[in-house]
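*Asks:* Input file: protein-v3.cif. Contents: mmCIF, C-alpha atoms and all ligand atoms.
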```cif
data_protein
#
loop_
_atom_site.label_atom_id
_atom_site.label_comp_id
_atom_site.auth_asym_id
_atom_site.auth_seq_id
_atom_site.Cartn_x
_atom_site.Cartn_y
_atom_site.Cartn_z
CA MET F 1 3.66 -6.86 26.92
CA ARG F 2 3.57 -9.37 24.10
CA LEU F 3 2.63 -7.53 20.92
CA MET F 4 1.90 -9.74 17.93
CA LEU F 5 2.16 -7.96 14.57
CA VAL F 6 0.66 -9.84 11.62
CA VAL F 7 1.80 -9.03 8.06
CA GLY F 8 1.66 -10.92 4.78
CA ALA F 9 1.72 -8.59 1.79
CA ARG F 10 4.25 -6.10 0.47
CA PRO F 11 2.60 -2.84 1.65
CA GLN F 12 2.08 -4.23 5.14
CA ILE F 13 5.80 -4.73 5.57
CA ILE F 14 6.38 -1.09 4.60
CA LYS F 15 3.78 0.35 6.96
CA SER F 16 4.94 -1.91 9.81
CA ALA F 17 8.64 -1.10 9.58
CA PRO F 18 8.55 2.16 11.61
CA ILE F 19 6.25 0.53 14.18
CA ILE F 20 8.66 -2.39 14.59
CA ARG F 21 11.57 0.01 15.03
CA GLU F 22 9.61 1.97 17.61
CA ALA F 23 8.56 -1.18 19.49
CA GLN F 24 12.21 -2.30 19.60
CA LYS F 25 13.04 0.83 21.63
CA HIS F 26 10.82 -0.35 24.48
CA ASP F 27 12.19 -3.14 26.68
CA GLU F 28 8.74 -3.76 28.10
CA ILE F 29 7.48 -4.88 24.66
CA GLU F 30 8.11 -8.37 23.39
CA LEU F 31 7.47 -8.11 19.66
CA GLN F 32 6.04 -11.20 17.98
CA PHE F 33 6.41 -10.55 14.26
CA VAL F 34 4.38 -13.00 12.19
CA HIS F 35 4.31 -13.31 8.38
CA THR F 36 1.39 -15.23 6.86
CA GLY F 37 3.28 -15.97 3.63
CA GLN F 38 0.60 -14.30 1.46
CA HIS F 39 3.48 -12.83 -0.54
CA TYR F 40 6.39 -15.23 -0.94
CA ASP F 41 8.49 -14.17 -3.95
CA PHE F 42 11.78 -12.50 -3.01
CA GLU F 43 10.83 -9.23 -4.69
CA MET F 44 7.36 -9.20 -3.07
CA SER F 45 8.52 -9.79 0.50
CA LYS F 46 12.11 -10.56 1.53
CA ILE F 47 13.60 -7.58 -0.32
CA PHE F 48 11.53 -5.26 1.91
CA LEU F 49 12.57 -7.02 5.13
CA ASP F 50 16.20 -6.63 4.03
CA GLU F 51 15.98 -3.01 2.84
CA MET F 52 14.09 -1.92 5.92
CA MET F 53 16.43 -3.92 8.16
CA LEU F 54 13.61 -5.75 9.87
CA PRO F 55 14.07 -8.81 12.06
CA GLU F 56 13.30 -12.27 10.67
CA PRO F 57 9.67 -13.06 11.46
CA LEU F 58 9.12 -15.27 14.48
CA ALA F 59 7.00 -17.43 12.19
CA ASN F 60 6.29 -17.57 8.47
CA LEU F 61 3.05 -19.45 8.00
CA GLY F 62 3.74 -20.10 4.31
CA VAL F 63 0.11 -19.85 3.26
CA GLY F 64 0.71 -18.59 -0.29
CA SER F 65 -1.78 -17.83 -3.07
CA GLY F 66 -5.33 -19.05 -3.57
CA THR F 67 -8.94 -17.91 -3.74
CA HIS F 68 -10.03 -15.44 -1.07
CA ALA F 69 -11.76 -18.06 1.09
CA TRP F 70 -8.94 -20.58 0.72
CA GLN F 71 -6.24 -18.04 1.46
CA THR F 72 -8.01 -16.31 4.35
CA GLY F 73 -9.23 -19.60 5.81
CA ASN F 74 -5.78 -21.21 5.76
CA MET F 75 -4.26 -18.11 7.32
CA MET F 76 -6.87 -18.27 10.06
CA VAL F 77 -6.12 -21.90 10.86
CA GLU F 78 -2.38 -21.20 11.08
CA LEU F 79 -2.77 -17.90 12.94
CA GLU F 80 -5.00 -19.53 15.54
CA LYS F 81 -2.27 -22.08 16.31
CA THR F 82 0.34 -19.31 16.41
CA MET F 83 -1.66 -17.07 18.74
CA ILE F 84 -2.47 -19.95 21.08
CA ALA F 85 1.20 -20.94 21.19
CA HIS F 86 2.62 -17.43 21.71
CA LYS F 87 -0.14 -15.91 23.88
CA PRO F 88 0.02 -12.28 22.72
CA ASP F 89 -1.54 -9.56 24.88
CA VAL F 90 -2.46 -7.49 21.81
CA VAL F 91 -2.64 -8.35 18.12
CA MET F 92 -1.80 -5.58 15.66
CA VAL F 93 -2.92 -5.77 12.02
CA PRO F 94 -1.91 -3.11 9.49
CA GLY F 95 -3.70 -2.28 6.23
CA ASP F 96 -6.47 -4.05 4.37
CA THR F 97 -5.23 -7.32 2.93
CA ASN F 98 -6.50 -10.86 3.48
CA SER F 99 -3.71 -11.23 6.07
CA THR F 100 -5.11 -8.20 7.95
CA LEU F 101 -8.60 -9.69 8.03
CA ALA F 102 -7.44 -13.18 9.02
CA GLY F 103 -5.37 -11.77 11.92
CA ALA F 104 -8.24 -9.61 13.15
CA ILE F 105 -10.92 -12.31 13.12
CA VAL F 106 -8.75 -14.96 14.77
CA ALA F 107 -7.63 -12.58 17.52
CA ALA F 108 -11.18 -11.31 18.16
CA LYS F 109 -12.45 -14.90 18.48
CA LEU F 110 -9.67 -15.66 20.95
CA HIS F 111 -10.83 -12.58 22.93
CA LEU F 112 -7.55 -10.78 22.29
CA PRO F 113 -7.58 -7.02 21.78
CA VAL F 114 -7.07 -6.09 18.12
CA ALA F 115 -5.28 -2.88 17.08
CA HIS F 116 -5.91 -1.86 13.47
CA VAL F 117 -3.32 0.38 11.84
CA GLU F 118 -4.81 2.39 8.94
CA ALA F 119 -8.34 2.20 10.34
CA GLY F 120 -11.26 4.08 8.84
CA ALA F 121 -10.12 4.30 5.21
CA ARG F 122 -13.20 3.88 3.01
CA SER F 123 -13.66 3.78 -0.76
CA TYR F 124 -17.37 2.92 -0.31
CA ASP F 125 -16.94 0.29 -3.01
CA MET F 126 -17.61 -3.20 -1.69
CA GLY F 127 -16.51 -4.60 -5.07
CA MET F 128 -12.93 -4.11 -3.86
CA PRO F 129 -11.70 -6.95 -1.62
CA GLU F 130 -9.70 -4.42 0.39
CA GLU F 131 -12.90 -2.52 1.31
CA VAL F 132 -14.45 -5.72 2.67
CA ASN F 133 -11.26 -6.46 4.60
CA ARG F 134 -10.91 -3.03 6.13
CA ARG F 135 -14.53 -2.77 7.24
CA LEU F 136 -14.56 -6.21 8.86
CA THR F 137 -11.17 -5.58 10.44
CA ASP F 138 -12.27 -2.24 11.90
CA HIS F 139 -15.36 -3.87 13.36
CA SER F 140 -13.24 -6.62 14.99
CA SER F 141 -10.86 -4.07 16.56
CA SER F 142 -10.85 -2.34 19.91
CA LEU F 143 -8.06 0.15 19.11
CA LEU F 144 -8.39 1.94 15.78
CA PHE F 145 -5.44 3.96 14.52
CA ALA F 146 -6.80 6.36 11.89
CA PRO F 147 -4.13 7.84 9.61
CA THR F 148 -6.14 11.03 9.00
CA LYS F 149 -9.00 13.03 10.50
CA ASN F 150 -11.17 11.99 7.60
CA CYS F 151 -10.62 8.29 8.40
CA ALA F 152 -11.59 9.01 12.03
CA LYS F 153 -14.72 10.76 10.76
CA ASN F 154 -15.64 7.69 8.71
CA LEU F 155 -15.37 5.57 11.86
CA GLY F 156 -17.55 8.03 13.77
CA LEU F 157 -20.25 7.62 11.11
CA GLU F 158 -20.14 3.87 11.70
CA GLY F 159 -20.76 4.35 15.42
CA PHE F 160 -17.32 3.64 16.87
CA PRO F 161 -16.85 5.15 20.33
CA LYS F 162 -14.53 8.18 20.20
CA LYS F 163 -12.33 6.60 22.87
CA ALA F 164 -11.41 3.67 20.62
CA VAL F 165 -10.30 5.86 17.68
CA LYS F 166 -6.91 7.57 17.68
CA VAL F 167 -5.76 9.87 14.88
CA SER F 168 -2.16 8.68 14.74
CA GLY F 169 -1.00 9.85 11.33
CA ASP F 170 0.12 7.40 8.68
CA SER F 171 3.01 5.04 9.47
CA MET F 172 3.65 4.77 5.72
CA TYR F 173 4.63 8.44 5.82
CA ASP F 174 6.98 7.71 8.74
CA ALA F 175 8.56 4.99 6.59
CA LEU F 176 8.98 7.32 3.65
CA LEU F 177 10.75 9.96 5.77
CA GLN F 178 12.96 7.38 7.45
CA HIS F 179 14.05 5.96 4.09
CA ALA F 180 14.19 9.18 2.04
CA SER F 181 17.96 9.59 2.11
CA ALA F 182 18.68 5.89 1.42
CA ALA F 183 16.17 6.05 -1.45
CA SER F 184 17.82 9.09 -2.98
CA ARG F 185 21.16 7.22 -3.12
CA ASN F 186 19.93 4.42 -5.38
CA ASP F 187 20.53 4.53 -9.09
CA ILE F 188 17.30 3.24 -10.59
CA LEU F 189 17.13 6.19 -13.00
CA GLY F 190 20.63 5.44 -14.31
CA LYS F 191 19.88 1.73 -14.48
CA LEU F 192 16.79 2.30 -16.63
CA GLY F 193 18.31 5.17 -18.64
CA LEU F 194 15.79 7.76 -17.39
CA ARG F 195 16.01 11.51 -16.94
CA SER F 196 14.20 13.20 -14.05
CA GLU F 197 10.66 14.34 -14.95
CA GLU F 198 10.87 12.97 -18.48
CA TYR F 199 9.01 9.74 -17.78
CA ALA F 200 5.92 8.39 -16.01
CA THR F 201 5.52 5.41 -13.69
CA LEU F 202 2.71 2.86 -14.00
CA THR F 203 1.57 0.15 -11.59
CA LEU F 204 -1.50 -2.08 -11.85
CA HIS F 205 -2.49 -5.03 -9.70
CA ARG F 206 -6.05 -4.67 -8.43
CA PRO F 207 -8.23 -7.63 -9.40
CA GLU F 208 -11.05 -5.32 -10.57
CA ASN F 209 -8.61 -4.00 -13.21
CA VAL F 210 -6.28 -6.79 -14.13
CA ASP F 211 -8.66 -9.75 -13.96
CA ASP F 212 -10.94 -8.12 -16.54
CA SER F 213 -9.16 -8.37 -19.88
CA ARG F 214 -11.28 -5.61 -21.44
CA ILE F 215 -10.40 -3.10 -18.71
CA LEU F 216 -6.75 -4.16 -18.56
CA GLY F 217 -6.39 -3.83 -22.35
CA ARG F 218 -8.10 -0.44 -22.42
CA MET F 219 -5.85 1.02 -19.72
CA VAL F 220 -2.60 -0.32 -21.10
CA LYS F 221 -3.43 0.82 -24.66
CA ALA F 222 -4.43 4.30 -23.44
CA ILE F 223 -1.07 4.65 -21.70
CA MET F 224 0.84 3.36 -24.74
CA SER F 225 -0.99 5.96 -26.87
CA LEU F 226 0.53 8.80 -24.78
CA LYS F 227 3.93 8.06 -26.34
CA LEU F 228 5.52 9.06 -23.05
CA THR F 229 8.35 6.94 -21.63
CA THR F 230 6.62 4.92 -18.91
CA VAL F 231 8.21 2.55 -16.42
CA PHE F 232 5.93 -0.34 -15.59
CA PRO F 233 7.12 -2.54 -12.69
CA VAL F 234 4.83 -5.53 -13.08
CA HIS F 235 3.15 -7.29 -10.17
CA PRO F 236 3.19 -11.12 -10.64
CA ARG F 237 -0.60 -11.27 -10.89
CA THR F 238 -0.60 -8.61 -13.62
CA ARG F 239 2.20 -10.31 -15.54
CA GLN F 240 0.14 -13.50 -15.60
CA ARG F 241 -2.97 -11.69 -16.88
CA LEU F 242 -1.04 -9.73 -19.52
CA ALA F 243 0.48 -12.96 -20.78
CA GLU F 244 -2.92 -14.68 -20.90
CA ASN F 245 -4.32 -11.82 -22.97
CA SER F 246 -1.31 -11.60 -25.31
CA LEU F 247 -0.81 -8.02 -24.15
CA LEU F 248 2.59 -8.80 -22.68
CA ALA F 249 4.22 -9.16 -26.09
CA ARG F 250 2.63 -5.90 -27.31
CA ILE F 251 3.99 -4.02 -24.32
CA GLN F 252 7.43 -5.59 -24.71
CA GLU F 253 7.53 -4.41 -28.33
CA ASN F 254 6.38 -0.87 -27.44
CA ALA F 255 9.23 1.62 -27.53
CA HIS F 256 7.76 3.83 -24.79
CA ILE F 257 7.03 1.25 -22.10
CA LYS F 258 9.86 -0.08 -19.91
CA LEU F 259 8.68 -3.26 -18.28
CA THR F 260 10.52 -4.31 -15.10
CA ASP F 261 10.11 -6.88 -12.34
CA PRO F 262 8.57 -5.56 -9.10
CA LEU F 263 10.99 -3.02 -7.60
CA GLY F 264 12.31 -2.64 -4.07
CA TYR F 265 11.13 0.11 -1.73
CA HIS F 266 14.05 2.49 -2.27
CA GLU F 267 13.96 2.12 -6.04
CA MET F 268 10.21 2.71 -6.10
CA LEU F 269 10.48 5.87 -3.98
CA GLN F 270 13.23 7.26 -6.18
CA LEU F 271 11.34 6.40 -9.37
CA THR F 272 8.16 8.02 -8.04
CA LYS F 273 9.92 11.15 -6.82
CA HIS F 274 11.40 11.87 -10.24
CA SER F 275 8.36 10.90 -12.31
CA ARG F 276 6.44 13.47 -14.25
CA MET F 277 3.32 11.64 -13.05
CA VAL F 278 2.26 8.30 -11.64
CA PHE F 279 -0.51 6.09 -13.03
CA THR F 280 -1.63 3.54 -10.47
CA ASP F 281 -4.41 1.53 -8.91
CA SER F 282 -2.43 1.02 -5.68
CA GLY F 283 -3.58 2.68 -2.49
CA GLY F 284 -0.11 3.15 -1.04
CA LEU F 285 1.39 4.62 -4.19
CA GLN F 286 -1.33 7.31 -4.35
CA LYS F 287 -0.09 8.51 -0.97
CA GLU F 288 3.60 8.10 -1.74
CA ALA F 289 3.20 10.16 -4.93
CA PHE F 290 1.48 12.85 -2.87
CA TRP F 291 4.28 12.93 -0.28
CA LEU F 292 6.89 13.08 -3.05
CA HIS F 293 5.03 15.93 -4.81
CA THR F 294 4.35 13.92 -7.96
CA PRO F 295 0.88 14.21 -9.52
CA CYS F 296 -1.08 10.97 -9.46
CA VAL F 297 -3.64 9.58 -11.93
CA THR F 298 -5.63 6.83 -10.22
CA LEU F 299 -6.78 4.02 -12.47
CA ARG F 300 -9.84 3.06 -10.45
CA GLU F 301 -13.45 4.14 -10.17
CA ARG F 302 -13.02 5.20 -6.53
CA THR F 303 -10.32 5.89 -4.00
CA GLU F 304 -10.20 5.57 -0.22
CA TRP F 305 -7.60 8.40 -0.15
CA ILE F 306 -9.94 11.29 -0.88
CA GLU F 307 -7.52 13.51 1.07
CA THR F 308 -5.31 13.48 -2.04
CA THR F 309 -8.11 14.11 -4.57
CA GLU F 310 -9.62 16.94 -2.51
CA LEU F 311 -6.20 18.63 -2.54
CA HIS F 312 -6.05 18.21 -6.35
CA ALA F 313 -2.88 16.13 -6.13
CA ASN F 314 -4.62 13.03 -7.47
CA VAL F 315 -7.32 12.50 -10.07
CA VAL F 316 -9.47 9.38 -10.28
CA VAL F 317 -10.05 8.38 -13.91
CA GLY F 318 -11.18 4.74 -13.87
CA SER F 319 -10.35 2.98 -17.12
CA SER F 320 -11.60 5.65 -19.53
CA PRO F 321 -8.92 6.24 -22.23
CA GLU F 322 -10.24 9.76 -22.76
CA LYS F 323 -9.94 10.64 -19.05
CA ILE F 324 -6.47 9.06 -18.88
CA ARG F 325 -5.30 11.15 -21.84
CA ARG F 326 -6.85 14.34 -20.45
CA ALA F 327 -5.28 13.81 -17.01
CA ALA F 328 -1.89 13.12 -18.58
CA ALA F 329 -2.12 16.27 -20.71
CA ARG F 330 -2.71 18.37 -17.59
CA ASN F 331 0.55 17.12 -16.07
CA THR F 332 3.02 18.48 -18.59
CA GLU F 333 4.21 21.59 -16.70
CA THR F 334 6.06 19.33 -14.29
CA SER F 335 8.15 21.76 -12.25
CA GLU F 336 5.26 24.19 -11.81
CA ILE F 337 2.97 21.40 -10.63
CA LYS F 338 5.58 19.98 -8.27
CA THR F 339 6.14 23.44 -6.74
CA LYS F 340 2.40 23.73 -6.09
CA LEU F 341 2.23 20.25 -4.57
CA ARG F 342 5.13 21.04 -2.24
CA LYS F 343 3.07 23.82 -0.66
CA ILE F 344 0.16 21.59 0.36
CA LYS F 345 -0.22 20.76 4.07
CA ASN F 346 0.05 17.02 4.62
CA PRO F 347 -3.12 15.56 6.19
CA PHE F 348 -1.36 12.24 6.91
CA GLY F 349 0.48 13.39 10.04
CA ASP F 350 3.96 14.53 10.94
CA GLY F 351 6.04 11.38 10.47
CA HIS F 352 5.65 10.29 14.11
CA ALA F 353 2.62 8.00 13.75
CA SER F 354 4.56 4.97 14.95
CA GLN F 355 5.50 6.67 18.25
CA ARG F 356 1.85 7.52 18.88
CA ILE F 357 0.75 4.01 18.01
CA ILE F 358 3.23 2.32 20.34
CA SER F 359 2.54 4.78 23.13
CA GLU F 360 -1.22 4.09 22.90
CA ILE F 361 -0.57 0.34 22.83
CA LEU F 362 1.44 0.64 26.05
CA LYS F 363 -1.31 2.74 27.65
CA SER F 364 -3.94 0.14 26.70
CA ARG F 365 -2.45 -2.46 29.07
C1 LIG L 401 -2.58 -8.13 -2.13
C2 LIG L 401 -3.67 -7.36 -1.39
C3 LIG L 401 -3.73 -5.93 -1.92
C4 LIG L 401 -2.37 -5.27 -1.87
C5 LIG L 401 -1.38 -6.13 -2.65
C6 LIG L 401 0.01 -5.53 -2.68
C7 LIG L 401 -5.58 -8.74 -0.70
C8 LIG L 401 -6.99 -9.06 -0.95
N1 LIG L 401 -4.97 -7.94 -1.60
O1 LIG L 401 -2.99 -8.26 -3.49
O2 LIG L 401 -4.62 -5.19 -1.13
O3 LIG L 401 -2.45 -3.97 -2.45
O4 LIG L 401 -1.35 -7.43 -2.04
O5 LIG L 401 0.80 -6.18 -3.62
O6 LIG L 401 -5.01 -9.18 0.27
N2 LIG L 401 1.82 -13.82 -6.50
C9 LIG L 401 3.09 -14.26 -6.83
N3 LIG L 401 4.06 -14.10 -5.91
C10 LIG L 401 3.85 -13.54 -4.69
C11 LIG L 401 2.56 -13.12 -4.37
C12 LIG L 401 1.56 -13.24 -5.30
O7 LIG L 401 3.33 -14.77 -7.91
O8 LIG L 401 4.81 -13.42 -3.90
C13 LIG L 401 0.75 -13.93 -7.52
C14 LIG L 401 -0.04 -15.20 -7.41
O9 LIG L 401 -0.33 -15.62 -8.69
C15 LIG L 401 -1.30 -14.75 -6.73
C16 LIG L 401 -1.46 -13.33 -7.21
O10 LIG L 401 -0.13 -12.85 -7.37
O11 LIG L 401 -2.39 -15.55 -7.05
C17 LIG L 401 -2.21 -12.42 -6.29
O12 LIG L 401 -1.61 -12.41 -4.99
P1 LIG L 401 -2.52 -12.16 -3.69
O13 LIG L 401 -1.69 -12.26 -2.48
O14 LIG L 401 -3.73 -13.02 -3.72
O15 LIG L 401 -3.06 -10.69 -3.84
P2 LIG L 401 -2.40 -9.38 -4.45
O16 LIG L 401 -2.99 -9.18 -5.79
O17 LIG L 401 -0.90 -9.37 -4.34
#
```
Will you turn the file into structure tokens for me?
Ligand code: UD1

*Replies:*
Amino acid sequence: MRLMLVVGARPQIIKSAPIIREAQKHDEIELQFVHTGQHYDFEMSKIFLDEMMLPEPLANLGVGSGTHAWQTGNMMVELEKTMIAHKPDVVMVPGDTNSTLAGAIVAAKLHLPVAHVEAGARSYDMGMPEEVNRRLTDHSSSLLFAPTKNCAKNLGLEGFPKKAVKVSGDSMYDALLQHASAASRNDILGKLGLRSEEYATLTLHRPENVDDSRILGRMVKAIMSLKLTTVFPVHPRTRQRLAENSLLARIQENAHIKLTDPLGYHEMLQLTKHSRMVFTDSGGLQKEAFWLHTPCVTLRERTEWIETTELHANVVVGSSPEKIRRAAARNTETSEIKTKLRKIKNPFGDGHASQRIISEILKSR
């Protein structure tokens, strides 16, 4: 069976790694690993392939950055050529990026079965490009791997036949377990001069936050006002916006904020695990914080990971400085909170999602 796996952005590499490793155990699978080139900087892509010991992609389409239509359209043109040349039996697309959508549409139009990993997540906010991508991808797919029961329920509400939906668990959780011991060996805390539970971690990259200078400024200033040591690994898009709005210099001068380049997977896991709390607008980091028993403050109006908010491990605060400050104030009794979070049952599976996914793919032949 020729299984084509299409990735392009940082989180897709992470969620694909355990699936690739599982596929490699089966001689009957010929894995065709394709990278669209959506992310191209070393620290946005190659570092993850190296750390997760993944094979070189069969093809890197080198599409790069652009507007949504330009980027998705160019990926589609290149992916169509690639799929025609390599004749996959199934095309697998993880996550909710423009690369996910491009892979799904091209495969569906070539009448190839599409398997969506992380199907059924919904924020019910069509202002987020990821929500558009995940809905259209789900509706182009014939095999839908839902990471949680709630995601499967969302798909049921949209009329998907039960047979097409499999609750697999979350392959990002598999990745976290597989890399936990390597992550704990890295010295990011020492490198940044941090002490466990005495700092917070901040990430921001969503266009709805960073492309609006008013919102970006409000969030960053609210976090600076906490006077809590905060590590801020900056996504390239965010760095650009901060520089345009002369916020970059203010952050660099602030004694509490430690600005860094984007970090690798192991460093990020270690940083998150030892944080007092995480402030983020990332989808993946909300889940990683949950699995590492670190309280999360989500800097968005809505989240697709309501599993974490319903379990009170994550609070959605948007860009309101008042809500950010209140949420931060609730997270001061760090060890007590972490002990509570450790007792919560994980709704994202048992760390064997990738086995289930590959086994269903083989059955679908
Ligand atoms: C994409 C995904 C988002 C995911 C995120 C993870 C979409 C719509 N969004 O957002 O869901 O959470 O990846 O990081 O697919 N850039 C670089 N170097 C790179 C890549 C990007 O400098 O290697 C800069 C470029 O200026 C680019 C901007 O970042 O214009 C945005 O990159 P893009 O791939 O369009 O989307 P992300 O914001 O990374």

*Asks:* Work out where the centre of an axis-aligned box around every listed atom of range 76-85 of chain F lies and how long its edges are once 4 Å is added on each side; give both in Å to one decimal as AutoDock Vina command-line options.

*Replies:*
```
--center_x -2.8 --center_y -19.6 --center_z 15.6 --size_x 16.1 --size_y 13.0 --size_z 19.1
```

*Asks:* List as an mmCIF file with C-alpha atoms, in the frame of the given file the protein and nucleic acid residues near range 39-54 of chain F, meaning an atom at most 9 Å away when only C-alpha atoms are counted, but skip any in the same chain fewer than 6 places from it.

*Replies:*
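After the write, result27.cif holds the following:
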```cif
data_model
loop_
_atom_site.group_PDB
_atom_site.id
_atom_site.type_symbol
_atom_site.label_atom_id
_atom_site.label_comp_id
_atom_site.auth_asym_id
_atom_site.auth_seq_id
_atom_site.Cartn_x
_atom_site.Cartn_y
_atom_site.Cartn_z
ATOM 1 C CA GLY F 8 1.660 -10.920 4.780
ATOM 2 C CA ALA F 9 1.720 -8.590 1.790
ATOM 3 C CA ARG F 10 4.250 -6.100 0.470
ATOM 4 C CA ILE F 13 5.800 -4.730 5.570
ATOM 5 C CA ILE F 14 6.380 -1.090 4.600
ATOM 6 C CA ALA F 17 8.640 -1.100 9.580
ATOM 7 C CA PRO F 18 8.550 2.160 11.610
ATOM 8 C CA ILE F 20 8.660 -2.390 14.590
ATOM 9 C CA ARG F 21 11.570 0.010 15.030
ATOM 10 C CA GLY F 62 3.740 -20.100 4.310
ATOM 11 C CA VAL F 63 0.110 -19.850 3.260
ATOM 12 C CA GLY F 64 0.710 -18.590 -0.290
ATOM 13 C CA SER F 65 -1.780 -17.830 -3.070
ATOM 14 C CA ALA F 175 8.560 4.990 6.590
ATOM 15 C CA HIS F 179 14.050 5.960 4.090
ATOM 16 C CA HIS F 235 3.150 -7.290 -10.170
ATOM 17 C CA PRO F 236 3.190 -11.120 -10.640
ATOM 18 C CA ASP F 261 10.110 -6.880 -12.340
ATOM 19 C CA PRO F 262 8.570 -5.560 -9.100
ATOM 20 C CA LEU F 263 10.990 -3.020 -7.600
ATOM 21 C CA GLY F 264 12.310 -2.640 -4.070
ATOM 22 C CA TYR F 265 11.130 0.110 -1.730
ATOM 23 C CA HIS F 266 14.050 2.490 -2.270
#
```

*Asks:* Taking (10.7, 1.8, -24.7) in the coordinates of the supplied file, I want to know which residues reach to within 12 Å of it, counting all atoms listed in the file; could you give the answer as a PyMOL selection string?

*Replies:* chain F and resi 192-194+199-200+224+227-232+250-260

*Asks:* Closest to ligand LIG 401 (chain L) among F:Arg239, F:Lys221, F:Arg122, F:His139, using only C-alpha atoms and all ligand atoms?

*Replies:*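 Using only C-alpha atoms and all ligand atoms, the shortest distance to ligand LIG 401 (chain L) belongs to F:Arg239.
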
*Asks:* Given the choices F:Pro295, F:Gly37, F:Gly73, F:Pro113, which gets closest to ligand LIG 401 (chain L) if the distance is worked out from all atoms listed in the file?

*Replies:*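 Closest candidate: F:Gly37.
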
*Asks:* Can you tell me which residues surround His312 in chain F at a distance of at most 12 Å, considering all atoms listed in the file, apart from same-chain residues fewer than 2 positions away, and format the answer as a ChimeraX atom specification?

*Replies:* /F:290,293-297,305-310,314-316,327,330-331,337-338,340-341,344

*Asks:* Quick one: residues within 10 Å of range 74-85 of chain F, only C-alpha atoms, excluding same-chain residues fewer than 4 positions away - as an mmCIF file with C-alpha atoms, keeping the file's coordinate frame?

*Replies:*
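To be explicit, this is the file written out as part_28.cif:
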```cif
data_model
loop_
_atom_site.group_PDB
_atom_site.id
_atom_site.type_symbol
_atom_site.label_atom_id
_atom_site.label_comp_id
_atom_site.auth_asym_id
_atom_site.auth_seq_id
_atom_site.Cartn_x
_atom_site.Cartn_y
_atom_site.Cartn_z
ATOM 1 C CA MET F 4 1.900 -9.740 17.930
ATOM 2 C CA VAL F 6 0.660 -9.840 11.620
ATOM 3 C CA GLY F 8 1.660 -10.920 4.780
ATOM 4 C CA GLN F 32 6.040 -11.200 17.980
ATOM 5 C CA VAL F 34 4.380 -13.000 12.190
ATOM 6 C CA HIS F 35 4.310 -13.310 8.380
ATOM 7 C CA THR F 36 1.390 -15.230 6.860
ATOM 8 C CA GLY F 37 3.280 -15.970 3.630
ATOM 9 C CA GLN F 38 0.600 -14.300 1.460
ATOM 10 C CA LEU F 58 9.120 -15.270 14.480
ATOM 11 C CA ALA F 59 7.000 -17.430 12.190
ATOM 12 C CA ASN F 60 6.290 -17.570 8.470
ATOM 13 C CA LEU F 61 3.050 -19.450 8.000
ATOM 14 C CA GLY F 62 3.740 -20.100 4.310
ATOM 15 C CA VAL F 63 0.110 -19.850 3.260
ATOM 16 C CA GLY F 64 0.710 -18.590 -0.290
ATOM 17 C CA GLY F 66 -5.330 -19.050 -3.570
ATOM 18 C CA HIS F 68 -10.030 -15.440 -1.070
ATOM 19 C CA ALA F 69 -11.760 -18.060 1.090
ATOM 20 C CA TRP F 70 -8.940 -20.580 0.720
ATOM 21 C CA ASP F 89 -1.540 -9.560 24.880
ATOM 22 C CA VAL F 91 -2.640 -8.350 18.120
ATOM 23 C CA ASN F 98 -6.500 -10.860 3.480
ATOM 24 C CA SER F 99 -3.710 -11.230 6.070
ATOM 25 C CA THR F 100 -5.110 -8.200 7.950
ATOM 26 C CA LEU F 101 -8.600 -9.690 8.030
ATOM 27 C CA ALA F 102 -7.440 -13.180 9.020
ATOM 28 C CA GLY F 103 -5.370 -11.770 11.920
ATOM 29 C CA ALA F 104 -8.240 -9.610 13.150
ATOM 30 C CA ILE F 105 -10.920 -12.310 13.120
ATOM 31 C CA VAL F 106 -8.750 -14.960 14.770
ATOM 32 C CA ALA F 107 -7.630 -12.580 17.520
ATOM 33 C CA LYS F 109 -12.450 -14.900 18.480
ATOM 34 C CA LEU F 110 -9.670 -15.660 20.950
ATOM 35 C CA LEU F 112 -7.550 -10.780 22.290
#
```

*Asks:* Considering all atoms listed in the file, state which residue in the set F:Leu204, F:Leu269, F:Gly217, F:Leu155 is at the smallest distance from Ala182 in chain F.

*Replies:* F:Leu269

*Asks:* Could you rebuild range 146-151 of chain F with N, CA and C atoms and give it back as a compact mmCIF listing (two decimals), keeping the file's coordinate frame?

*Replies:*
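After the write, rebuild_12.txt holds the following:
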```txt
# COMPACT_ATOMS: atom_id res chain seq x y z
N ALA F 146 -6.40 5.72 13.15
CA ALA F 146 -6.80 6.36 11.89
C ALA F 146 -5.64 7.21 11.39
N PRO F 147 -5.26 7.05 10.12
CA PRO F 147 -4.13 7.84 9.61
C PRO F 147 -4.47 9.32 9.42
N THR F 148 -5.75 9.63 9.21
CA THR F 148 -6.14 11.03 9.00
C THR F 148 -7.43 11.33 9.77
N LYS F 149 -7.74 12.62 9.85
CA LYS F 149 -9.00 13.03 10.50
C LYS F 149 -10.19 12.51 9.73
N ASN F 150 -10.06 12.48 8.41
CA ASN F 150 -11.17 11.99 7.60
C ASN F 150 -11.46 10.51 7.88
N CYS F 151 -10.42 9.72 8.07
CA CYS F 151 -10.62 8.29 8.40
C CYS F 151 -11.33 8.18 9.76
```
